[in-house]
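Worksheet: one structure, shown below.
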Amino acid sequence: MKPYKKILQAIAIILIIGGCKEETELYGPIYPLAGKYLVQIQFDIEGEMLDIYGEKYYHLIVSNTASGRNDSAIVYCTRTNSTQKFIEFKAGCNPKQLSIFSSNETDKISGSTININDAKLILKGSVSLSGKSITDSIYIKVTAMGEPEFRYLISGHRLTGFIEDQYK
């Protein structure tokens, strides 16, 4: 029985050591900007901020582009109960300054020209959620050029993976 025990121990050690891999960058070259956020979208309609889509919360996804460079991102929004995109545009980004910017990019869904007036990711526990989790905050102020021109604000927090992310 002892030889089998040593063989099993050796196999276990090999599996444990072989299973340890160096941690890879989770979000690619634009980390820490990249990720999934729970946001509200408010449109500036004659000076009043309104949610014209009729849902309180949306998912905002910021991801790197296919080029794999650290100076551009794809930004898109979906409803929380769907994966269908309703805002999608390419934007410039600076991960070190935690900023996203855009000038004269096209929203692939509406065809509007998008300008980001101001955008920032605020790290290090800027939002306290109902379950006392602390997470990052994001806001993006957008002007969509066209007829008519309109402005909207996307603001919210990074999803934590905890149950408190389950907003209705």
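Convention: chains lettered A, B, ... in structure tokens order; per-chain residue numbering from 1; ligands numbered from 1 as shown.
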- Message: I'd like the contact shell of range 47-53 of chain A - 10 Å cut-off, only C-alpha atoms, skipping same-chain residues fewer than 6 positions apart - returned as a VMD selection string.
- Response: chain A and resid 40 to 41 79 86 151 to 153
Filtering to N, CA and C atoms, could you give me those residues as a PDB file, in the first residue's frame?
ATOM      1  N   GLN A  40     -26.897  53.967 -15.150  1.00  0.00           N
ATOM      2  CA  GLN A  40     -28.126  54.635 -15.534  1.00  0.00           C
ATOM      3  C   GLN A  40     -27.782  55.549 -16.702  1.00  0.00           C
ATOM      4  N   ILE A  41     -28.717  55.687 -17.625  1.00  0.00           N
ATOM      5  CA  ILE A  41     -28.508  56.567 -18.777  1.00  0.00           C
ATOM      6  C   ILE A  41     -29.594  57.630 -18.733  1.00  0.00           C
ATOM      7  N   ARG A  79     -29.438  46.391 -22.384  1.00  0.00           N
ATOM      8  CA  ARG A  79     -30.390  46.339 -21.283  1.00  0.00           C
ATOM      9  C   ARG A  79     -29.961  45.213 -20.349  1.00  0.00           C
ATOM     10  N   PHE A  86     -27.638  48.776 -27.762  1.00  0.00           N
ATOM     11  CA  PHE A  86     -28.385  49.908 -28.276  1.00  0.00           C
ATOM     12  C   PHE A  86     -27.549  51.183 -28.329  1.00  0.00           C
ATOM     13  N   ARG A 151     -27.738  65.296 -25.661  1.00  0.00           N
ATOM     14  CA  ARG A 151     -26.690  64.927 -24.708  1.00  0.00           C
ATOM     15  C   ARG A 151     -27.238  63.898 -23.741  1.00  0.00           C
ATOM     16  N   TYR A 152     -26.358  63.015 -23.313  1.00  0.00           N
ATOM     17  CA  TYR A 152     -26.763  62.083 -22.277  1.00  0.00           C
ATOM     18  C   TYR A 152     -25.594  61.760 -21.368  1.00  0.00           C
ATOM     19  N   LEU A 153     -25.941  61.309 -20.184  1.00  0.00           N
ATOM     20  CA  LEU A 153     -24.978  60.976 -19.153  1.00  0.00           C
ATOM     21  C   LEU A 153     -25.125  59.498 -18.813  1.00  0.00           C
TER      22      LEU A 153
END
- Message: Using only C-alpha atoms, which protein or nucleic acid residues come within 12 Å of Thr83 in chain A? Drop anything in the same chain fewer than 3 positions from it, and give the result as a ChimeraX atom specification.
- Response: /A:58-61,76-80,86-87
Write a file of the just-selected residues containing N, CA and C atoms, as a PDB file, in the first residue's frame.
ATOM      1  N   TYR A  58     -28.852  49.675 -16.781  1.00  0.00           N
ATOM      2  CA  TYR A  58     -28.324  49.106 -18.017  1.00  0.00           C
ATOM      3  C   TYR A  58     -26.933  48.553 -17.740  1.00  0.00           C
ATOM      4  N   HIS A  59     -26.449  47.743 -18.639  1.00  0.00           N
ATOM      5  CA  HIS A  59     -25.061  47.281 -18.556  1.00  0.00           C
ATOM      6  C   HIS A  59     -24.224  48.082 -19.537  1.00  0.00           C
ATOM      7  N   LEU A  60     -23.107  48.584 -19.059  1.00  0.00           N
ATOM      8  CA  LEU A  60     -22.119  49.266 -19.893  1.00  0.00           C
ATOM      9  C   LEU A  60     -20.902  48.358 -19.938  1.00  0.00           C
ATOM     10  N   ILE A  61     -20.437  48.057 -21.120  1.00  0.00           N
ATOM     11  CA  ILE A  61     -19.255  47.218 -21.279  1.00  0.00           C
ATOM     12  C   ILE A  61     -18.182  48.044 -21.978  1.00  0.00           C
ATOM     13  N   TYR A  76     -20.090  49.933 -25.217  1.00  0.00           N
ATOM     14  CA  TYR A  76     -21.470  49.667 -25.624  1.00  0.00           C
ATOM     15  C   TYR A  76     -22.359  49.399 -24.426  1.00  0.00           C
ATOM     16  N   CYS A  77     -23.655  49.622 -24.641  1.00  0.00           N
ATOM     17  CA  CYS A  77     -24.662  49.429 -23.593  1.00  0.00           C
ATOM     18  C   CYS A  77     -25.681  48.398 -24.042  1.00  0.00           C
ATOM     19  N   THR A  78     -26.145  47.630 -23.072  1.00  0.00           N
ATOM     20  CA  THR A  78     -27.237  46.680 -23.286  1.00  0.00           C
ATOM     21  C   THR A  78     -28.232  46.846 -22.147  1.00  0.00           C
ATOM     22  N   ARG A  79     -29.438  46.391 -22.384  1.00  0.00           N
ATOM     23  CA  ARG A  79     -30.390  46.339 -21.283  1.00  0.00           C
ATOM     24  C   ARG A  79     -29.961  45.213 -20.349  1.00  0.00           C
ATOM     25  N   THR A  80     -30.318  45.292 -19.070  1.00  0.00           N
ATOM     26  CA  THR A  80     -29.845  44.297 -18.103  1.00  0.00           C
ATOM     27  C   THR A  80     -30.391  42.902 -18.384  1.00  0.00           C
ATOM     28  N   PHE A  86     -27.638  48.776 -27.762  1.00  0.00           N
ATOM     29  CA  PHE A  86     -28.385  49.908 -28.276  1.00  0.00           C
ATOM     30  C   PHE A  86     -27.549  51.183 -28.329  1.00  0.00           C
ATOM     31  N   ILE A  87     -26.347  51.151 -27.792  1.00  0.00           N
ATOM     32  CA  ILE A  87     -25.350  52.209 -27.980  1.00  0.00           C
ATOM     33  C   ILE A  87     -24.025  51.481 -28.177  1.00  0.00           C
TER      34      ILE A  87
END
- Task: Report the residues of chain A whose backbone DSSP state falls under strand (DSSP E), written as a ChimeraX atom specification.
- Result: /A:35-45,48-50,58-64,72-79,85-94,99-106,113-128,134-145,150-158
Find the residues around Arg158 in chain A up to 8 Å (only C-alpha atoms counted), leave out those fewer than 4 positions away in its own chain, and share them as a short mmCIF file (atom, residue, chain, number, x, y, z; two decimals) with C-alpha atoms, in the first residue's frame.
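Okay, out-v5.cif is ready:
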data_model
loop_
_atom_site.label_atom_id
_atom_site.label_comp_id
_atom_site.auth_asym_id
_atom_site.auth_seq_id
_atom_site.Cartn_x
_atom_site.Cartn_y
_atom_site.Cartn_z
CA GLY A 35 -15.06 45.79 -17.47
CA LYS A 36 -18.79 45.54 -17.01
CA TYR A 37 -20.68 48.30 -15.22
CA LEU A 38 -24.23 48.75 -13.97
CA THR A 135 -16.50 49.31 -5.97
CA ASP A 136 -15.35 51.66 -8.74
CA SER A 137 -17.47 54.44 -10.23
CA ILE A 138 -17.73 55.52 -13.88
#
